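Here the structure is laid out as structure tokens; the discussion comes afterwards.
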Amino acid sequence: MQDECFLDIRDATVWRGDTRALRDFSLQLHHGESVAILGPNGAGKSTLLKLLTGEVRPEADPRTSCRLFGEDLWSLEELRHRIGVVMPEDIARFHPEEIARDVVLSSLRGAFGRTRDMRFSTKERAAADTAIERLGMTPLAGRDFGTLSSGERRRFLIARALVHDPSVLVLDEPSTALDFAASISLTSSMRELIAGGHTLVLVTHHPGEIPPEIGRVILLEQGRIRADGPKKKVLTAAALSELFHLPLKMSWPGGWCDVRPA
């Protein structure tokens, strides 16, 4: 399964308005291999994420190909069942009085916002409850979404992304706006998902939040891949200092990347 490529981009250029966000871009991502994508603001991370979720397409060019799950053409409905995506801004899309369990159920309709007038089958409700249980959030499932902490809401959003049992889970800046304790809990959930067999794509600014279970790291800069390979070969003090334009030093306590000012 690990050799099967779910994303295959070759020689792609992607424009966002008048800006060339990705240029001459080639990348392959495989099932069974969790990956971290790292880079500063403007590096192209959000554009790559939109390619991965089918929201944007490359510039038409005979040299270019962009295949998701082996297909050149796809529907967003189909991709939603195969890729689960969690973005920080998703929290604001739900009314504070939405029941947390209904937040998870809403993924089955491709909806955001109030779901209390929607009808769900017994099978759909069981799928939502299973996803919630996997994140350890069953005791809070009946609470109003707005009464939960930021970390608890983020974990319900991950359960929402998992309700279709997708083969790939994408987390975009998962620790944004979380306090220290919530960030630790969320990282624990990520590690459990990887250990449980999920293919995880982690998009981040911060080397220190890449869990030990992720072995491959991709560095982006100005719409190009600067480095791609095994974590300890890619994440060096020299490479990160140049990428972020800061003198940095680093160590590897327990498989974590600890980066500090030099």
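Naming works like this for the structure tokens: A, B, ... for the chains as they're shown, residue 1 at the start of each chain, ligands 1 onward in shown order.
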Secondary structure check, alpha helix (DSSP H) residues of region 6-254 of chain A, as a PyMOL selection string: chain A and resi 45-52+76-82+100-105+122-134+150-162+180-195+231-234+237-244
Report as a PDB file with C-alpha atoms, in the first residue's frame all protein, DNA and RNA residues lying within 7 Å of region 129-138 of chain A, evaluated on only C-alpha atoms, omitting residues in the same chain fewer than 2 positions from it.
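around.pdb, written as the output of this step:
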```
ATOM      1  CA  ARG A 125     -24.884   8.442  13.510  1.00  0.00           C
ATOM      2  CA  ALA A 126     -22.864   5.329  14.392  1.00  0.00           C
ATOM      3  CA  ALA A 127     -20.079   6.485  12.051  1.00  0.00           C
ATOM      4  CA  LEU A 140     -18.274  16.024  25.398  1.00  0.00           C
ATOM      5  CA  ALA A 141     -20.326  15.037  22.335  1.00  0.00           C
ATOM      6  CA  ARG A 155     -10.368  17.518  18.053  1.00  0.00           C
ATOM      7  CA  PHE A 156     -14.062  17.452  17.098  1.00  0.00           C
ATOM      8  CA  ALA A 159     -13.405  13.602  14.153  1.00  0.00           C
ATOM      9  CA  LEU A 162     -12.543  11.146   9.922  1.00  0.00           C
ATOM     10  CA  VAL A 163     -16.270  10.373   9.743  1.00  0.00           C
ATOM     11  CA  SER A 189      -4.132  12.463  18.875  1.00  0.00           C
TER      12      SER A 189
END
```
Residue nearest Ala161 (chain A) among A:Ile83, A:Leu186, A:Leu68, A:Ala100 (counting only C-alpha atoms): A:Ile83
Shell around Pro247 (chain A) at 10 Å using only C-alpha atoms, local window under 3 positions removed, as an MDAnalysis selection string: chainID A and resid 237:238 240:242 244 260:262
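CA of Val86 (chain A) lies 24.7 Å from CA of Leu235 (chain A).
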